[in-house]
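**Student:** Shown below is the structure under consideration.
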Amino acid sequence: MKFDLHTHHDRCGHAQDTIRDYIEAAIASGLQVIGISDHSPYFGSKEDHAQPAIAMAKSEFPRYIEEVLLLKQEYANKINVLLGVESDYFPEYADIYRQEYAKYPFDYIIGSVHLSGGVSIFNRNRWKSLNEAEQIAQKEEYYRLIGESARSGMFNILGHIDAMKGFYPAFSDISTPKVDETLKMIGESGVAIEINTSGKTKDVGGWYPSHEILERALHYGVEVTFGSDAHVPSRVADDWEEVQKTLKEIGFQHWVYFQQKQKQIVAL
């Protein structure tokens, strides 16, 4: 069973091409399951379209849902199309997001921390002139939010849980027990983490999370899934076979995807 649960399209303002293009790419890649999971609108904002280059407008969200569901029917004999969303996690607006998501028949919701301390996790300037203690504090705040998102009950999957290393590879070398504490929390919550292969599009290269974190995740009983985080159709299922092989080598025996919020176990 070959699947990819993390894909975007042109509605978010920074990905290319249509949902149909990603479904066609998935079929061409031999997938049996393709998840559509574009960025959630900024539901906590008073504006309809708060960040046009980052996420779709609130008014566009129902049309997004409608299009995925129509394509799910159209392609039913070719591939299983799943309705997902990559949701930002803002604790102060969590109830607003819950209310919006409750309106729709999502197969799964990916929870991703994109802002930590009010700053993008990809902001290179965060790290300038910080001493060791300040670097640790930055990393611990990021993982505090990830742990909180795991316990929120809002999500089936947590997205790219070490993506703060994207434009700051030294992030992985900042040592803190908070990473293990968070993985333990994720394992206890039953939420899966994704192996997200889009790290190769950033300075750090490779995947999110690191092999070291995956080894610790196995120790804490964390479920894993796959997401290319494709922003162009050509990246659908990118590195899927290599990820499968690596997970086996680490010691995982299965991975999962979600349909109608129910965990589907797939042997590796």
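Going through the structure tokens in order, the chains are called A, B, and so on, while each chain numbers its residues from 1 and the ligands are numbered from 1 in the order shown.
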Per DSSP on the backbone, filter range 3-218 of chain A down to the residues in helix (DSSP H, G or I) and report them as a VMD selection string.
**Tutor:** chain A and resid 10 to 12 19 to 28 58 to 74 91 to 101 124 to 127 132 to 151 163 to 165 169 to 173 178 to 189 197 to 201 211 to 218
**Student:** Would you write out those residues with C-alpha atoms, as a compact mmCIF listing (two decimals), in the first residue's frame?
**Tutor:**
# COMPACT_ATOMS: atom_id res chain seq x y z
CA ASP A 10 -2.35 26.67 -5.84
CA ARG A 11 -4.97 27.92 -3.35
CA CYS A 12 -2.36 28.43 -0.63
CA ILE A 19 -5.67 19.41 -6.90
CA ARG A 20 -6.38 17.35 -10.01
CA ASP A 21 -2.72 17.67 -11.04
CA TYR A 22 -1.61 16.18 -7.70
CA ILE A 23 -4.07 13.31 -8.01
CA GLU A 24 -2.83 12.55 -11.53
CA ALA A 25 0.78 12.67 -10.28
CA ALA A 26 -0.15 10.25 -7.50
CA ILE A 27 -1.63 7.79 -9.98
CA ALA A 28 1.46 8.08 -12.17
CA LYS A 58 -11.59 31.73 4.84
CA SER A 59 -14.25 32.18 2.16
CA GLU A 60 -12.37 29.76 -0.10
CA PHE A 61 -12.29 26.91 2.43
CA PRO A 62 -15.77 25.47 1.62
CA ARG A 63 -14.90 25.46 -2.09
CA TYR A 64 -11.68 23.59 -1.30
CA ILE A 65 -13.65 20.94 0.60
CA GLU A 66 -16.23 20.69 -2.19
CA GLU A 67 -13.58 20.25 -4.88
CA VAL A 68 -11.75 17.48 -3.00
CA LEU A 69 -14.99 15.59 -2.37
CA LEU A 70 -16.02 15.86 -6.03
CA LEU A 71 -12.62 14.62 -7.18
CA LYS A 72 -12.81 11.81 -4.62
CA GLN A 73 -15.94 10.56 -6.39
CA GLU A 74 -14.54 11.10 -9.87
CA PRO A 91 -3.45 27.74 21.24
CA GLU A 92 -5.33 31.01 21.62
CA TYR A 93 -7.55 30.20 18.61
CA ALA A 94 -7.86 26.42 19.05
CA ASP A 95 -11.60 26.51 19.74
CA ILE A 96 -12.27 28.57 16.61
CA TYR A 97 -10.35 26.05 14.50
CA ARG A 98 -12.18 23.14 16.14
CA GLN A 99 -15.54 24.69 15.30
CA GLU A 100 -14.57 25.19 11.66
CA TYR A 101 -13.22 21.66 11.21
CA ARG A 124 16.95 32.61 9.90
CA ASN A 125 17.22 35.82 11.95
CA ARG A 126 15.87 34.04 15.04
CA TRP A 127 19.29 32.52 15.68
CA GLU A 132 23.57 28.67 24.20
CA ALA A 133 20.91 29.16 26.86
CA GLU A 134 18.80 31.32 24.52
CA GLN A 135 19.08 28.73 21.75
CA ILE A 136 17.88 26.02 24.12
CA ALA A 137 14.98 28.22 25.19
CA GLN A 138 13.94 28.72 21.56
CA LYS A 139 14.02 24.99 20.88
CA GLU A 140 12.12 24.17 24.05
CA GLU A 141 9.35 26.64 23.25
CA TYR A 142 8.94 25.04 19.82
CA TYR A 143 8.63 21.57 21.33
CA ARG A 144 6.33 22.84 24.05
CA LEU A 145 3.90 23.92 21.35
CA ILE A 146 4.25 20.60 19.51
CA GLY A 147 3.54 18.69 22.72
CA GLU A 148 0.54 20.89 23.42
CA SER A 149 -0.75 20.30 19.89
CA ALA A 150 -0.44 16.53 20.41
CA ARG A 151 -2.57 16.74 23.54
CA ALA A 163 11.27 21.68 10.67
CA MET A 164 12.83 24.53 12.61
CA LYS A 165 16.12 23.11 11.33
CA PRO A 169 20.82 22.96 10.35
CA ALA A 170 22.60 23.51 13.70
CA PHE A 171 19.16 23.30 15.33
CA SER A 172 19.54 19.52 15.51
CA ASP A 173 22.67 19.89 17.67
CA LYS A 178 12.41 18.55 25.85
CA VAL A 179 12.58 16.57 22.59
CA ASP A 180 12.29 13.22 24.39
CA GLU A 181 9.61 14.61 26.71
CA THR A 182 7.61 15.69 23.68
CA LEU A 183 8.01 12.36 21.88
CA LYS A 184 6.80 10.57 25.01
CA MET A 185 3.79 12.90 25.08
CA ILE A 186 3.07 12.20 21.40
CA GLY A 187 3.31 8.45 21.96
CA GLU A 188 0.86 8.65 24.86
CA SER A 189 -1.56 10.79 22.82
CA THR A 197 10.56 14.59 2.72
CA SER A 198 10.40 18.31 1.95
CA GLY A 199 13.48 19.02 4.04
CA LYS A 200 15.41 18.38 0.83
CA THR A 201 13.97 21.65 -0.52
CA HIS A 211 16.80 9.60 11.88
CA GLU A 212 17.80 10.15 15.50
CA ILE A 213 14.34 11.48 16.36
CA LEU A 214 12.72 8.58 14.50
CA GLU A 215 14.74 6.15 16.61
CA ARG A 216 13.53 7.88 19.77
CA ALA A 217 9.98 7.97 18.41
CA LEU A 218 10.05 4.17 18.03
**Student:** If we count only C-alpha atoms and set the cut-off at 12 Å, which residues sit around Gln260 in chain A, ignoring sequence neighbours fewer than 3 positions away in its own chain? Please answer as a PyMOL selection string.
**Tutor:** chain A and resi 35+81-84+104-109+156+257+263-264
**Student:** Please write the residues from the selection above to a file, keeping N, CA and C atoms, as a PDB file, in the first residue's frame.
**Tutor:**
ATOM      1  N   GLY A  35      -3.607  11.915  -0.166  1.00  0.00           N
ATOM      2  CA  GLY A  35      -4.265  12.856   0.720  1.00  0.00           C
ATOM      3  C   GLY A  35      -4.046  14.280   0.249  1.00  0.00           C
ATOM      4  N   VAL A  81      -8.859   9.056  -2.825  1.00  0.00           N
ATOM      5  CA  VAL A  81      -8.543  10.455  -2.524  1.00  0.00           C
ATOM      6  C   VAL A  81      -9.094  10.783  -1.140  1.00  0.00           C
ATOM      7  N   LEU A  82      -8.217  11.231  -0.245  1.00  0.00           N
ATOM      8  CA  LEU A  82      -8.602  11.548   1.124  1.00  0.00           C
ATOM      9  C   LEU A  82      -8.665  13.056   1.336  1.00  0.00           C
ATOM     10  N   LEU A  83      -9.643  13.475   2.119  1.00  0.00           N
ATOM     11  CA  LEU A  83      -9.806  14.890   2.451  1.00  0.00           C
ATOM     12  C   LEU A  83      -9.057  15.210   3.734  1.00  0.00           C
ATOM     13  N   GLY A  84      -8.048  16.052   3.613  1.00  0.00           N
ATOM     14  CA  GLY A  84      -7.276  16.478   4.767  1.00  0.00           C
ATOM     15  C   GLY A  84      -7.075  17.976   4.764  1.00  0.00           C
ATOM     16  N   TYR A 104     -16.943  19.718   8.545  1.00  0.00           N
ATOM     17  CA  TYR A 104     -16.582  19.001   7.330  1.00  0.00           C
ATOM     18  C   TYR A 104     -16.121  17.560   7.620  1.00  0.00           C
ATOM     19  N   PRO A 105     -16.290  16.667   6.628  1.00  0.00           N
ATOM     20  CA  PRO A 105     -15.969  15.244   6.827  1.00  0.00           C
ATOM     21  C   PRO A 105     -14.497  14.915   6.554  1.00  0.00           C
ATOM     22  N   PHE A 106     -13.602  15.480   7.339  1.00  0.00           N
ATOM     23  CA  PHE A 106     -12.180  15.240   7.117  1.00  0.00           C
ATOM     24  C   PHE A 106     -11.799  13.784   7.398  1.00  0.00           C
ATOM     25  N   ASP A 107     -10.929  13.270   6.553  1.00  0.00           N
ATOM     26  CA  ASP A 107     -10.325  11.965   6.835  1.00  0.00           C
ATOM     27  C   ASP A 107      -9.234  12.092   7.879  1.00  0.00           C
ATOM     28  N   TYR A 108      -8.561  13.221   7.884  1.00  0.00           N
ATOM     29  CA  TYR A 108      -7.497  13.463   8.861  1.00  0.00           C
ATOM     30  C   TYR A 108      -7.153  14.944   8.858  1.00  0.00           C
ATOM     31  N   ILE A 109      -6.539  15.385   9.951  1.00  0.00           N
ATOM     32  CA  ILE A 109      -6.043  16.754  10.073  1.00  0.00           C
ATOM     33  C   ILE A 109      -4.597  16.690  10.539  1.00  0.00           C
ATOM     34  N   ASN A 156      -4.779  14.289  13.910  1.00  0.00           N
ATOM     35  CA  ASN A 156      -4.452  12.879  13.726  1.00  0.00           C
ATOM     36  C   ASN A 156      -2.960  12.690  13.478  1.00  0.00           C
ATOM     37  N   TYR A 257      -2.044   5.359   7.851  1.00  0.00           N
ATOM     38  CA  TYR A 257      -2.725   6.517   7.276  1.00  0.00           C
ATOM     39  C   TYR A 257      -4.110   6.575   7.917  1.00  0.00           C
ATOM     40  N   LYS A 263      -7.522   5.095  12.114  1.00  0.00           N
ATOM     41  CA  LYS A 263      -6.153   4.711  11.794  1.00  0.00           C
ATOM     42  C   LYS A 263      -6.139   3.423  10.977  1.00  0.00           C
ATOM     43  N   GLN A 264      -5.459   3.464   9.844  1.00  0.00           N
ATOM     44  CA  GLN A 264      -5.301   2.297   8.979  1.00  0.00           C
ATOM     45  C   GLN A 264      -3.828   1.870   9.042  1.00  0.00           C
TER      46      GLN A 264
END
**Student:** A:Glu194, A:Lys103, A:Tyr208, A:Leu268: which is nearest Glu249 in chain A, counting only C-alpha atoms?
**Tutor:**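 Looking at the shortest contact to Glu249 in chain A, the residue is A:Leu268.
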**Student:** At what distance in Å, to one decimal, does CA of Glu242 in chain A lie from CA of Asp38 in chain A?
**Tutor:**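 Atom-to-atom, CA of Asp38 in chain A and CA of Glu242 in chain A are spaced 24.5 Å apart.
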**Student:** Write down as a ChimeraX atom specification the residues belonging to range 38-142 of chain A that are assigned strand (DSSP E) by DSSP computed on the backbone.
**Tutor:** /A:80-88,108-112,115-116,119-120
**Student:** Would you write out those residues with N, CA and C atoms, as a PDB file, in the first residue's frame?
**Tutor:**
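To be explicit, this is the file written out as selection-v8.pdb:
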ATOM      1  N   ASN A  80      -7.730   6.210  -4.122  1.00  0.00           N
ATOM      2  CA  ASN A  80      -8.485   6.658  -2.954  1.00  0.00           C
ATOM      3  C   ASN A  80      -8.019   8.067  -2.590  1.00  0.00           C
ATOM      4  N   VAL A  81      -8.859   9.056  -2.825  1.00  0.00           N
ATOM      5  CA  VAL A  81      -8.543  10.455  -2.524  1.00  0.00           C
ATOM      6  C   VAL A  81      -9.094  10.783  -1.140  1.00  0.00           C
ATOM      7  N   LEU A  82      -8.217  11.231  -0.245  1.00  0.00           N
ATOM      8  CA  LEU A  82      -8.602  11.548   1.124  1.00  0.00           C
ATOM      9  C   LEU A  82      -8.665  13.056   1.336  1.00  0.00           C
ATOM     10  N   LEU A  83      -9.643  13.475   2.119  1.00  0.00           N
ATOM     11  CA  LEU A  83      -9.806  14.890   2.451  1.00  0.00           C
ATOM     12  C   LEU A  83      -9.057  15.210   3.734  1.00  0.00           C
ATOM     13  N   GLY A  84      -8.048  16.052   3.613  1.00  0.00           N
ATOM     14  CA  GLY A  84      -7.276  16.478   4.767  1.00  0.00           C
ATOM     15  C   GLY A  84      -7.075  17.976   4.764  1.00  0.00           C
ATOM     16  N   VAL A  85      -6.377  18.451   5.764  1.00  0.00           N
ATOM     17  CA  VAL A  85      -5.975  19.853   5.830  1.00  0.00           C
ATOM     18  C   VAL A  85      -4.726  19.909   6.705  1.00  0.00           C
ATOM     19  N   GLU A  86      -3.799  20.781   6.353  1.00  0.00           N
ATOM     20  CA  GLU A  86      -2.677  21.057   7.249  1.00  0.00           C
ATOM     21  C   GLU A  86      -3.054  22.293   8.052  1.00  0.00           C
ATOM     22  N   SER A  87      -3.264  22.075   9.324  1.00  0.00           N
ATOM     23  CA  SER A  87      -3.757  23.136  10.195  1.00  0.00           C
ATOM     24  C   SER A  87      -2.626  23.754  10.992  1.00  0.00           C
ATOM     25  N   ASP A  88      -2.591  25.074  11.031  1.00  0.00           N
ATOM     26  CA  ASP A  88      -1.730  25.737  12.003  1.00  0.00           C
ATOM     27  C   ASP A  88      -2.241  25.441  13.402  1.00  0.00           C
ATOM     28  N   TYR A 108      -8.561  13.221   7.884  1.00  0.00           N
ATOM     29  CA  TYR A 108      -7.497  13.463   8.861  1.00  0.00           C
ATOM     30  C   TYR A 108      -7.153  14.944   8.858  1.00  0.00           C
ATOM     31  N   ILE A 109      -6.539  15.385   9.951  1.00  0.00           N
ATOM     32  CA  ILE A 109      -6.043  16.754  10.073  1.00  0.00           C
ATOM     33  C   ILE A 109      -4.597  16.690  10.539  1.00  0.00           C
ATOM     34  N   ILE A 110      -3.720  17.362   9.801  1.00  0.00           N
ATOM     35  CA  ILE A 110      -2.309  17.478  10.169  1.00  0.00           C
ATOM     36  C   ILE A 110      -2.150  18.760  10.989  1.00  0.00           C
ATOM     37  N   GLY A 111      -1.582  18.642  12.166  1.00  0.00           N
ATOM     38  CA  GLY A 111      -1.302  19.812  12.993  1.00  0.00           C
ATOM     39  C   GLY A 111       0.157  20.199  12.896  1.00  0.00           C
ATOM     40  N   SER A 112       0.418  21.411  12.458  1.00  0.00           N
ATOM     41  CA  SER A 112       1.798  21.869  12.271  1.00  0.00           C
ATOM     42  C   SER A 112       2.038  23.184  13.000  1.00  0.00           C
ATOM     43  N   LEU A 115       4.643  28.852  13.622  1.00  0.00           N
ATOM     44  CA  LEU A 115       5.089  30.033  14.357  1.00  0.00           C
ATOM     45  C   LEU A 115       5.423  29.627  15.783  1.00  0.00           C
ATOM     46  N   SER A 116       6.582  30.042  16.246  1.00  0.00           N
ATOM     47  CA  SER A 116       6.991  29.773  17.625  1.00  0.00           C
ATOM     48  C   SER A 116       7.520  31.081  18.202  1.00  0.00           C
ATOM     49  N   VAL A 119       7.221  34.052  15.788  1.00  0.00           N
ATOM     50  CA  VAL A 119       8.131  34.175  14.641  1.00  0.00           C
ATOM     51  C   VAL A 119       8.080  32.883  13.824  1.00  0.00           C
ATOM     52  N   SER A 120       8.145  32.998  12.505  1.00  0.00           N
ATOM     53  CA  SER A 120       8.166  31.818  11.652  1.00  0.00           C
ATOM     54  C   SER A 120       9.303  30.883  12.042  1.00  0.00           C
TER      55      SER A 120
END
**Student:** Residues within 8 Å of Leu5 in chain A, please, as number ranges by chain. Count only C-alpha atoms; anything in the same chain fewer than 2 positions from it doesn't count.
**Tutor:** A: 3, 7, 33-37, 82, 84, 225-228, 257
**Student:** In Å, rounded to a single decimal, give me how far CA of Ala76 in chain A is from CA of Val224 in chain A.
**Tutor:** 25.6 Å
**Student:** One number please: CA of Thr18 in chain A to CA of Pro52 in chain A, in Å, one decimal.
**Tutor:**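 Those two atoms sit 16.6 Å apart.
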